[in-house]
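Shown next, in structure tokens, is the structure this report addresses.
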Amino acid sequence: MNIPSLARRAGVTAALLALAALFAAPAANAAVDDVTWTVRTESNSFGADRAGYEYTLSPGETITDGIVVTNRGAEPLDLGVYAADGFTTEDGGFDLLPAGEKSAKLGTWVTVDGGGVVSVAPGASAMVPFTIAVPANATPGDYGAGIVTSLATADQNAEGVTVDRRLGIRMGVRVDGELAPALAVDDVSVDWGGGLNPFSGDVDVAFTLKNTGNTTIGSVAGVTLAGPFGLLATDATDVGDAPELLPGETWTQKVTVPGFAALVLLTATATVIPASTDAAGTTASLAPVVASGTGWAVPWLLLALILLVVAAIVFVPRMLRARAATRQAREDARVEEAVAAALAK
């Protein structure tokens with residue numbers, strides 16, 4: 001997870017830097033910029049050395065867990081600690097809402113002890129408890145958020161700017177109930193970019209994945225590109241991985257098919273196989289979802305050359321005949337004038 005640091009000037013929030021994140025290891029490395037602390041999950045009945053917080057809870061259930069903050073610096077630290085909703089970024093990463101932006105789901109179910117502030121002496125660690133209270137009317141499915149530790153300081157190089165350095169740990173809650181994983185594929189677009197070369201051009205194919213179910217869902221996609229009537233059908237060989245999407249999220253997947261001829265009208269077909277984890281923890285594939293889209297691939301240079309050839313075939317003979325007729329008419333007129341002059345003598 002990448003949780004960006006933020007700056008505020010006159011109410012406008014701007015990203016200043018991004019800090020390394022926490023989900024490949026149970027603790028975050030503090031050797032980034034001026035961050036002098038690390039965070040990790042508390043070792044308790046939920047487990048030790050956890051990479052993140054993962055729970056399966058029932059509507060109305062309440063649990064308590066903790067985050068451990070260690071001050072690696074030489075000065076005392078006063079950190080803000082809070083929960084925030086998570087989301088999938090445009091580049092497929094996982095991020096949390098910035099400070100000051102209100103959460104609407106899991107982030108609102110979390111209450112941090114101590115008023116959301118922790119003081120940590122140099123070289124010491126502090127455990128900050130937090131409580132998750134699932135609303136009694138919570139709908140079944142998956143929810144994503146994170147616990148954030150934050151240090152806001154004035155920027156020494158820019159007056160009136162506050163830099164907010166953040167480290168956090170991802171959290172996921174599955175609310176018990178009927179699970180209904182589903183994925184939709186829409187808006188398949190095809191853009192041929194061959195330029196002046198009609199026989200070879202890169203084709204950019206894009207399509208939108210939307211998690212229409214209530215569980216986190218991943219997917220694997222295949223893309224086939226073809227001309228009219230399936231001419232020169234080609235499978236894309238470099239289809240990147242799609243990120244896991246939380247319920248309700250959308251993400252645009254992009255694929256490039258190189259070296260494709262301009263066949264006037266191209267059709268791209270995306271075949272997407274969704275995958276979801278059931279209540280028993282087993283990940284299974286769902287039925288493939290197929291969607292198609294078309295785009296123009298007009299070989300303008302080739303068409304221009306063809307038009308020039310056709311014009312030459314059609315109009316050049318006409319021009320030559322017209323010129324010949326004009327010359328003949330002039331010659332006939334000259335002969336008539338000569339005959340008339342001879343008879344007049």
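As shown in the structure tokens, the chain order sets the letters A, B, ...; within each chain, residues go from 1, and ligands are also counted from 1 in the order they appear.
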For this session: Quick one: everything within 8 Å of region 31-45 of chain A, counting only C-alpha atoms, minus sequence neighbours fewer than 5 positions away in the same chain. Send it as JSON, numbers by chain.
Result: {"A": [19, 20, 26, 50, 51, 52, 53, 65, 66, 67, 68, 69, 70, 71, 72, 73, 127, 165, 167, 168, 169]}
Considering only C-alpha atoms, give me a table of residues in region 217-248 of chain A that are at most 9 Å from region 178-189 of chain A, with the closest atom pair and distance in Å for each, as a tab-separated table.
```
residue	atom	partner	partner_atom	distance
A:Ile217	CA	A:Pro181	CA	7.0
A:Gly218	CA	A:Leu183	CA	9.0
A:Ser219	CA	A:Leu183	CA	8.7
A:Pro247	CA	A:Pro181	CA	8.7
```
Problem set entry | 12 Å contact set for Lys102 (chain A), only C-alpha atoms, chain neighbours under 3 positions out, as a VMD selection string | chain A and resid 82 to 86 96 to 99 105 to 108
Could you please take those selected residues and save N, CA and C atoms as a PDB file, in the first residue's frame?
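Just written: out11.pdb:
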```pdb
ATOM      1  N   TYR A  82      -5.697   7.064  13.180  1.00  0.00           N
ATOM      2  CA  TYR A  82      -7.106   7.044  12.772  1.00  0.00           C
ATOM      3  C   TYR A  82      -7.316   5.978  11.704  1.00  0.00           C
ATOM      4  N   ALA A  83      -8.570   5.680  11.440  1.00  0.00           N
ATOM      5  CA  ALA A  83      -8.940   4.728  10.388  1.00  0.00           C
ATOM      6  C   ALA A  83      -9.501   5.487   9.200  1.00  0.00           C
ATOM      7  N   ALA A  84      -9.299   4.921   8.010  1.00  0.00           N
ATOM      8  CA  ALA A  84      -9.813   5.554   6.792  1.00  0.00           C
ATOM      9  C   ALA A  84     -10.199   4.472   5.797  1.00  0.00           C
ATOM     10  N   ASP A  85     -11.236   4.749   5.005  1.00  0.00           N
ATOM     11  CA  ASP A  85     -11.652   3.817   3.955  1.00  0.00           C
ATOM     12  C   ASP A  85     -10.537   3.635   2.930  1.00  0.00           C
ATOM     13  N   GLY A  86     -10.474   2.458   2.351  1.00  0.00           N
ATOM     14  CA  GLY A  86      -9.494   2.178   1.310  1.00  0.00           C
ATOM     15  C   GLY A  86     -10.128   2.162  -0.068  1.00  0.00           C
ATOM     16  N   LEU A  96      -5.488   4.820   0.926  1.00  0.00           N
ATOM     17  CA  LEU A  96      -6.482   5.223   1.907  1.00  0.00           C
ATOM     18  C   LEU A  96      -6.860   6.677   1.684  1.00  0.00           C
ATOM     19  N   LEU A  97      -8.080   7.011   2.070  1.00  0.00           N
ATOM     20  CA  LEU A  97      -8.518   8.398   1.940  1.00  0.00           C
ATOM     21  C   LEU A  97      -7.589   9.321   2.722  1.00  0.00           C
ATOM     22  N   PRO A  98      -7.311  10.493   2.196  1.00  0.00           N
ATOM     23  CA  PRO A  98      -6.431  11.432   2.908  1.00  0.00           C
ATOM     24  C   PRO A  98      -7.101  11.990   4.153  1.00  0.00           C
ATOM     25  N   ALA A  99      -6.275  12.521   5.023  1.00  0.00           N
ATOM     26  CA  ALA A  99      -6.797  13.135   6.242  1.00  0.00           C
ATOM     27  C   ALA A  99      -7.757  14.256   5.876  1.00  0.00           C
ATOM     28  N   LYS A 105     -17.621   3.875   4.916  1.00  0.00           N
ATOM     29  CA  LYS A 105     -17.896   2.462   5.190  1.00  0.00           C
ATOM     30  C   LYS A 105     -17.068   1.982   6.363  1.00  0.00           C
ATOM     31  N   LEU A 106     -16.124   1.068   6.124  1.00  0.00           N
ATOM     32  CA  LEU A 106     -15.385   0.440   7.205  1.00  0.00           C
ATOM     33  C   LEU A 106     -14.653   1.453   8.082  1.00  0.00           C
ATOM     34  N   GLY A 107     -14.147   2.505   7.483  1.00  0.00           N
ATOM     35  CA  GLY A 107     -13.438   3.509   8.271  1.00  0.00           C
ATOM     36  C   GLY A 107     -14.274   4.118   9.368  1.00  0.00           C
ATOM     37  N   THR A 108     -15.602   4.129   9.180  1.00  0.00           N
ATOM     38  CA  THR A 108     -16.489   4.708  10.198  1.00  0.00           C
ATOM     39  C   THR A 108     -16.818   3.717  11.307  1.00  0.00           C
TER      40      THR A 108
END
```
Exercise. If you count only C-alpha atoms, which residues fall within 6 Å of Ile132 (chain A), apart from same-chain ones fewer than 4 positions away, as a list of chain:residue names?
Worked result: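 Close residues of Ile132 (chain A): A:Thr62, A:Ile63, A:Trp109, A:Val110.
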For this session: Name the residues of region 6-198 of chain A that come out as helix (DSSP H, G or I) in a backbone DSSP run; write them as a list in words.
Result: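 Here is the list: Leu106, Gly107, Thr108, Trp109, Asp113, Gly114, Gly115 and Gly116 of chain A.
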Seminar exercise, completed: Here CA of Thr111 (chain A) and CA of Leu151 (chain A) stand apart by 18.9 Å
Seminar exercise, completed: Computed gap from CA of Thr212 (chain A) to CA of Glu90 (chain A) is 18.2 Å
For this session: Write out as JSON, numbers by chain each polymer residue whose atoms come within 12 Å of Phe87 (chain A), counting only C-alpha atoms; drop sequence neighbours fewer than 3 positions from it.
Result: {"A": [1, 2, 3, 84, 90, 91, 92, 93, 94, 95, 96, 97, 98, 103, 104, 105, 106, 107, 143, 144, 145, 146, 170, 171, 172, 216, 243, 244, 245, 246, 247, 248, 249, 250, 251]}
Problem set entry | Selected residue of minimal separation from Gly293 (chain A) among A:Gly227, A:Gly123, A:Gly47, A:Gly114, counting only C-alpha atoms |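 Of A:Gly227, A:Gly123, A:Gly47, A:Gly114, the one nearest Gly293 (chain A), counting only C-alpha atoms, is A:Gly227.
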Exercise. How many Å separate CA of Val290 (chain A) from CA of Ala262 (chain A)?
Worked result: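 These two atoms are separated by 24.1 Å.
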For this session: May I have the residues within 10 Å of Phe229 (chain A) as a PyMOL selection string, using only C-alpha atoms and disregarding those fewer than 5 positions away in the same chain?
Result: chain A and resi 265-267
For this session: Find, counting only C-alpha atoms, the residue in A:Gly195, A:Pro258, A:Gly141, A:Gly177 that gets nearest to Asn214 (chain A).
Result: A:Gly141
For this session: Would you mind writing down, as number ranges by chain, each residue of region 129-319 of chain A that DSSP on the backbone assigns to strand (DSSP E)?
Result: A: 129-133, 141-154, 162-175, 183-192, 201-211, 217-226, 234-235, 250-260, 264-277, 283-285, 289-297
Problem set entry | Nearest candidate to Gly213 (chain A) (options A:Gly281, A:Gly100, A:Gly193, A:Pro140; using only C-alpha atoms) |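 The shortest atom-to-atom distance to Gly213 (chain A) comes from A:Pro140.
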Problem set entry | Ala233 (chain A) environment, 12 Å, only C-alpha atoms, sequence neighbours closer than 6 positions dropped, as a ChimeraX atom specification | /A:223-227,257,260-261,263,266-269
Export of prior selection with all heavy atoms as a JSON list (two decimals), in the first residue's frame:
```json
[["chain", "number", "residue", "atom", "x", "y", "z"],
["A", 223, "VAL", "N", -7.43, -11.04, -24.51],
["A", 223, "VAL", "CA", -7.95, -10.11, -25.53],
["A", 223, "VAL", "C", -7.62, -10.65, -26.91],
["A", 223, "VAL", "O", -6.48, -11.02, -27.19],
["A", 223, "VAL", "CB", -7.35, -8.70, -25.35],
["A", 223, "VAL", "CG1", -7.77, -7.79, -26.50],
["A", 223, "VAL", "CG2", -7.77, -8.10, -24.03],
["A", 224, "THR", "N", -8.64, -10.70, -27.77],
["A", 224, "THR", "CA", -8.47, -11.11, -29.17],
["A", 224, "THR", "C", -8.83, -9.93, -30.06],
["A", 224, "THR", "O", -9.87, -9.28, -29.86],
["A", 224, "THR", "CB", -9.35, -12.32, -29.50],
["A", 224, "THR", "OG1", -8.99, -13.41, -28.67],
["A", 224, "THR", "CG2", -9.16, -12.73, -30.96],
["A", 225, "LEU", "N", -8.00, -9.67, -31.06],
["A", 225, "LEU", "CA", -8.22, -8.58, -32.00],
["A", 225, "LEU", "C", -8.34, -9.15, -33.40],
["A", 225, "LEU", "O", -7.56, -10.03, -33.79],
["A", 225, "LEU", "CB", -7.06, -7.58, -31.94],
["A", 225, "LEU", "CG", -7.18, -6.31, -32.79],
["A", 225, "LEU", "CD1", -8.30, -5.42, -32.27],
["A", 225, "LEU", "CD2", -5.87, -5.54, -32.79],
["A", 226, "ALA", "N", -9.32, -8.66, -34.17],
["A", 226, "ALA", "CA", -9.53, -9.19, -35.52],
["A", 226, "ALA", "C", -10.10, -8.11, -36.42],
["A", 226, "ALA", "O", -10.70, -7.13, -35.96],
["A", 226, "ALA", "CB", -10.47, -10.40, -35.49],
["A", 227, "GLY", "N", -9.90, -8.32, -37.73],
["A", 227, "GLY", "CA", -10.51, -7.46, -38.73],
["A", 227, "GLY", "C", -11.91, -7.95, -39.07],
["A", 227, "GLY", "O", -12.46, -8.82, -38.38],
["A", 257, "VAL", "N", -1.85, -4.25, -28.67],
["A", 257, "VAL", "CA", -1.53, -5.31, -29.63],
["A", 257, "VAL", "C", -0.67, -4.68, -30.72],
["A", 257, "VAL", "O", -1.15, -3.84, -31.48],
["A", 257, "VAL", "CB", -2.81, -5.92, -30.23],
["A", 257, "VAL", "CG1", -2.46, -7.03, -31.23],
["A", 257, "VAL", "CG2", -3.72, -6.46, -29.14],
["A", 260, "PHE", "N", -0.42, -4.49, -36.06],
["A", 260, "PHE", "CA", -1.67, -4.95, -36.68],
["A", 260, "PHE", "C", -2.01, -4.05, -37.86],
["A", 260, "PHE", "O", -1.90, -2.83, -37.79],
["A", 260, "PHE", "CB", -2.81, -4.93, -35.67],
["A", 260, "PHE", "CG", -3.91, -5.91, -35.98],
["A", 260, "PHE", "CD1", -3.81, -7.22, -35.55],
["A", 260, "PHE", "CD2", -5.01, -5.52, -36.71],
["A", 260, "PHE", "CE1", -4.81, -8.14, -35.83],
["A", 260, "PHE", "CE2", -6.02, -6.42, -36.99],
["A", 260, "PHE", "CZ", -5.92, -7.73, -36.55],
["A", 261, "ALA", "N", -2.42, -4.69, -38.96],
["A", 261, "ALA", "CA", -2.73, -3.95, -40.20],
["A", 261, "ALA", "C", -4.03, -3.17, -40.05],
["A", 261, "ALA", "O", -4.93, -3.54, -39.30],
["A", 261, "ALA", "CB", -2.82, -4.90, -41.38],
["A", 263, "LEU", "N", -7.28, -2.64, -41.11],
["A", 263, "LEU", "CA", -8.28, -3.39, -41.87],
["A", 263, "LEU", "C", -9.64, -2.70, -41.84],
["A", 263, "LEU", "O", -10.68, -3.34, -41.93],
["A", 263, "LEU", "CB", -8.40, -4.81, -41.31],
["A", 263, "LEU", "CG", -7.11, -5.64, -41.35],
["A", 263, "LEU", "CD1", -7.33, -7.00, -40.71],
["A", 263, "LEU", "CD2", -6.62, -5.79, -42.78],
["A", 266, "LEU", "N", -11.93, -2.79, -36.87],
["A", 266, "LEU", "CA", -11.35, -3.81, -36.00],
["A", 266, "LEU", "C", -12.30, -4.12, -34.86],
["A", 266, "LEU", "O", -13.01, -3.24, -34.36],
["A", 266, "LEU", "CB", -10.01, -3.33, -35.42],
["A", 266, "LEU", "CG", -8.93, -2.89, -36.42],
["A", 266, "LEU", "CD1", -7.67, -2.49, -35.67],
["A", 266, "LEU", "CD2", -8.64, -4.00, -37.42],
["A", 267, "THR", "N", -12.29, -5.38, -34.45],
["A", 267, "THR", "CA", -13.11, -5.81, -33.32],
["A", 267, "THR", "C", -12.22, -6.43, -32.25],
["A", 267, "THR", "O", -11.42, -7.33, -32.54],
["A", 267, "THR", "CB", -14.16, -6.84, -33.76],
["A", 267, "THR", "OG1", -15.03, -6.25, -34.73],
["A", 267, "THR", "CG2", -14.99, -7.31, -32.56],
["A", 268, "ALA", "N", -12.34, -5.95, -31.03],
["A", 268, "ALA", "CA", -11.60, -6.50, -29.89],
["A", 268, "ALA", "C", -12.59, -7.21, -28.98],
["A", 268, "ALA", "O", -13.66, -6.68, -28.67],
["A", 268, "ALA", "CB", -10.87, -5.41, -29.12],
["A", 269, "THR", "N", -12.22, -8.40, -28.56],
["A", 269, "THR", "CA", -13.04, -9.18, -27.65],
["A", 269, "THR", "C", -12.26, -9.47, -26.38],
["A", 269, "THR", "O", -11.17, -10.05, -26.44],
["A", 269, "THR", "CB", -13.49, -10.51, -28.28],
["A", 269, "THR", "OG1", -14.23, -10.23, -29.48],
["A", 269, "THR", "CG2", -14.36, -11.30, -27.33]]
```
